[in-house]
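The structure appears right after this line, and notes come after that.
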Amino acid sequence: MPVIVVGADTGIGEAIISTVCRSAAEVRAFITRDTAADRLKERGVKVAIGDVSDSSHVEAAALYCFCAVMVTEAASDDRDRAFARHPDDVLAGWAEAARNAGVKRVIWVGTEHRKDPYPESVGEVATVIVEDDMEGAARAVGELEEAGSI
């Protein structure tokens with residue numbers, strides 16, 4: 001089933017792409033920095049480049065995906081954001097985009113625990129906390145993405 005990684009141009013996003021490319025039939029990456037596009041395309045990933053703060057960009061890229069992996073770092077790092085400045089507003093836009101695109105499962109990935117970040121977004125929601133082990137966090141995302149339910 002199709003999976004999209006929003007923030008695939010972050011360190012953890014690239015680790016997640018490596019993990020989900022092994023099992024998902026279709027992997028999409030939503031990025032802001034086009035420097036990562038060629039590298040992702042070489043791996044067979046479908047790439048969408050846009051503004052992470054524009055929920056319509058994220059929604060279009062996520063259309064018909066079963067699972068959306070939301071890398072929260074991309075909501076607060078140094079990239080340009082034209083539509084929302086506060087990370088919580090960006091994340092709320094991603095949740096809305098996932099819901100509008102018909103995504104069934106959202107996996108939030110970040111360095112801090114958010115209690116039910118946006119549970120109204122879709123039917124299944126999980127959170128993976130990234131500590132010192134990015135590969136371990138990426139494996140956890142891959143296991144959740146493949147699971148029958150979470």
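To be explicit about the labels: the chains of the structure tokens are called A, B, and onward in the order shown, and within each one the residues are counted from 1, while ligands get numbers from 1 in the order they are shown.
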
Using only C-alpha atoms, determine which residues lie at most 6 Å from Val90 of chain A, disregarding the query and same-chain residues fewer than 3 positions distant; provide the list as a PDB file with C-alpha atoms, in the first residue's frame.
ATOM      1  CA  SER A  53       3.445  24.715   5.661  1.00  0.00           C
ATOM      2  CA  ALA A  75       7.803  21.602  10.833  1.00  0.00           C
ATOM      3  CA  ALA A  84       2.395  28.952   8.722  1.00  0.00           C
ATOM      4  CA  PRO A  87       5.298  24.326  14.170  1.00  0.00           C
ATOM      5  CA  GLY A  93      -2.118  21.376   8.541  1.00  0.00           C
TER       6      GLY A  93
END

Skipping near chain neighbours, those fewer than 5 positions away, what residues fall within 8 Å of Val130 of chain A using only C-alpha atoms, listed as a short mmCIF file (atom, residue, chain, number, x, y, z; two decimals) with N, CA, C and O atoms, in the first residue's frame?
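around.cif was written with the following content:
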data_model
loop_
_atom_site.label_atom_id
_atom_site.label_comp_id
_atom_site.auth_asym_id
_atom_site.auth_seq_id
_atom_site.Cartn_x
_atom_site.Cartn_y
_atom_site.Cartn_z
N VAL A 109 6.64 11.18 13.84
CA VAL A 109 8.01 10.86 14.22
C VAL A 109 8.69 12.14 14.67
O VAL A 109 8.75 13.11 13.92
N GLY A 110 9.20 12.12 15.91
CA GLY A 110 9.85 13.32 16.41
C GLY A 110 10.72 13.05 17.62
O GLY A 110 10.83 11.92 18.08
N THR A 111 11.33 14.11 18.14
CA THR A 111 12.23 13.98 19.27
C THR A 111 11.53 14.18 20.60
O THR A 111 12.12 13.97 21.65
N GLU A 112 10.28 14.58 20.58
CA GLU A 112 9.55 14.78 21.83
C GLU A 112 8.20 14.08 21.75
O GLU A 112 7.65 13.91 20.67
N ALA A 137 14.64 3.93 15.36
CA ALA A 137 13.37 4.64 15.16
C ALA A 137 12.82 4.35 13.77
O ALA A 137 11.61 4.13 13.61
#

**Request:** Just the residues within 10 Å of segment 10-15 of chain A, please, counting only C-alpha atoms, with nothing from its chain fewer than 3 positions along; format it as a ChimeraX atom specification.
**Result:** /A:5-7,18-20,29-33,36,40,69-74,77,109-110,130,133-139,141

Output of the above residues as a compact mmCIF listing (two decimals), in the first residue's frame, restricted to N, CA, C and O atoms:
# COMPACT_ATOMS: atom_id res chain seq x y z
N VAL A 5 6.28 9.86 3.12
CA VAL A 5 7.08 10.38 4.22
C VAL A 5 7.18 11.89 4.03
O VAL A 5 7.82 12.36 3.07
N VAL A 6 6.54 12.63 4.90
CA VAL A 6 6.59 14.10 4.86
C VAL A 6 7.79 14.51 5.71
O VAL A 6 7.87 14.16 6.88
N GLY A 7 8.72 15.22 5.09
CA GLY A 7 9.97 15.55 5.76
C GLY A 7 11.04 14.52 5.45
O GLY A 7 11.95 14.27 6.24
N SER A 18 14.69 4.58 3.67
CA SER A 18 15.46 3.35 3.48
C SER A 18 14.71 2.13 4.01
O SER A 18 14.72 1.06 3.39
N THR A 19 14.05 2.29 5.14
CA THR A 19 13.31 1.18 5.75
C THR A 19 12.05 0.84 4.97
O THR A 19 11.82 -0.33 4.65
N VAL A 20 11.23 1.82 4.64
CA VAL A 20 9.95 1.52 3.99
C VAL A 20 10.12 1.13 2.53
O VAL A 20 9.25 0.44 1.98
N ALA A 29 7.84 10.68 -1.26
CA ALA A 29 8.56 11.57 -0.36
C ALA A 29 8.08 12.99 -0.61
O ALA A 29 8.01 13.42 -1.76
N PHE A 30 7.74 13.68 0.46
CA PHE A 30 7.41 15.10 0.36
C PHE A 30 8.59 15.85 0.95
O PHE A 30 8.95 15.67 2.11
N ILE A 31 9.22 16.67 0.11
CA ILE A 31 10.42 17.40 0.53
C ILE A 31 10.30 18.87 0.17
O ILE A 31 9.50 19.25 -0.68
N THR A 32 11.13 19.67 0.82
CA THR A 32 11.23 21.08 0.50
C THR A 32 12.53 21.37 -0.22
O THR A 32 12.59 22.18 -1.13
N ARG A 33 13.56 20.66 0.19
CA ARG A 33 14.89 20.88 -0.37
C ARG A 33 15.08 19.98 -1.58
O ARG A 33 15.23 18.77 -1.44
N ALA A 36 17.64 16.75 -2.42
CA ALA A 36 17.43 15.33 -2.12
C ALA A 36 16.64 14.61 -3.20
O ALA A 36 16.58 13.38 -3.20
N LEU A 40 16.52 10.41 -4.04
CA LEU A 40 15.30 9.66 -3.74
C LEU A 40 14.73 8.99 -4.98
O LEU A 40 14.33 7.82 -4.94
N VAL A 69 3.81 9.12 7.07
CA VAL A 69 4.80 9.27 8.13
C VAL A 69 5.15 10.75 8.18
O VAL A 69 5.64 11.31 7.20
N MET A 70 4.87 11.37 9.32
CA MET A 70 5.06 12.81 9.48
C MET A 70 6.28 13.08 10.35
O MET A 70 6.24 12.85 11.56
N VAL A 71 7.36 13.55 9.76
CA VAL A 71 8.59 13.85 10.48
C VAL A 71 8.49 15.27 11.01
O VAL A 71 8.63 16.24 10.26
N THR A 72 8.23 15.39 12.32
CA THR A 72 7.92 16.69 12.90
C THR A 72 9.08 17.68 12.83
O THR A 72 8.84 18.89 12.87
N GLU A 73 10.30 17.20 12.70
CA GLU A 73 11.46 18.09 12.55
C GLU A 73 11.27 19.05 11.38
O GLU A 73 11.68 20.21 11.43
N ALA A 74 10.62 18.59 10.31
CA ALA A 74 10.43 19.42 9.12
C ALA A 74 9.44 20.56 9.37
O ALA A 74 9.35 21.48 8.55
N ASP A 77 12.40 23.09 11.55
CA ASP A 77 13.81 23.31 11.23
C ASP A 77 13.99 24.62 10.45
O ASP A 77 13.10 25.47 10.46
N VAL A 109 6.64 11.18 13.84
CA VAL A 109 8.01 10.86 14.22
C VAL A 109 8.69 12.14 14.67
O VAL A 109 8.75 13.11 13.92
N GLY A 110 9.20 12.12 15.91
CA GLY A 110 9.85 13.32 16.41
C GLY A 110 10.72 13.05 17.62
O GLY A 110 10.83 11.92 18.08
N VAL A 130 12.26 9.70 18.44
CA VAL A 130 13.64 9.52 17.98
C VAL A 130 14.55 10.01 19.10
O VAL A 130 14.50 11.17 19.49
N ASP A 133 19.08 6.73 18.50
CA ASP A 133 19.18 5.65 17.52
C ASP A 133 18.21 5.89 16.36
O ASP A 133 17.07 5.42 16.39
N MET A 134 18.66 6.62 15.33
CA MET A 134 17.79 6.90 14.19
C MET A 134 17.39 5.62 13.46
O MET A 134 16.26 5.49 13.01
N GLU A 135 18.32 4.70 13.33
CA GLU A 135 18.01 3.44 12.63
C GLU A 135 16.95 2.65 13.39
O GLU A 135 16.06 2.05 12.79
N GLY A 136 17.04 2.64 14.71
CA GLY A 136 16.04 1.95 15.53
C GLY A 136 14.67 2.60 15.38
O GLY A 136 13.65 1.92 15.28
N ALA A 137 14.64 3.93 15.36
CA ALA A 137 13.37 4.64 15.16
C ALA A 137 12.82 4.35 13.77
O ALA A 137 11.61 4.13 13.61
N ALA A 138 13.68 4.31 12.77
CA ALA A 138 13.23 4.01 11.40
C ALA A 138 12.67 2.59 11.34
O ALA A 138 11.65 2.35 10.68
N ARG A 139 13.31 1.64 12.02
CA ARG A 139 12.78 0.26 12.06
C ARG A 139 11.41 0.23 12.73
O ARG A 139 10.51 -0.47 12.27
N VAL A 141 9.21 2.61 12.78
CA VAL A 141 8.26 3.15 11.80
C VAL A 141 7.90 2.07 10.77
O VAL A 141 6.73 1.87 10.43

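Residue nearest Gly102 of chain A within the list A:Asp89, A:Phe66, A:Asp80, A:Arg28: A:Phe66 [criterion: smallest interatomic distance, only C-alpha atoms].
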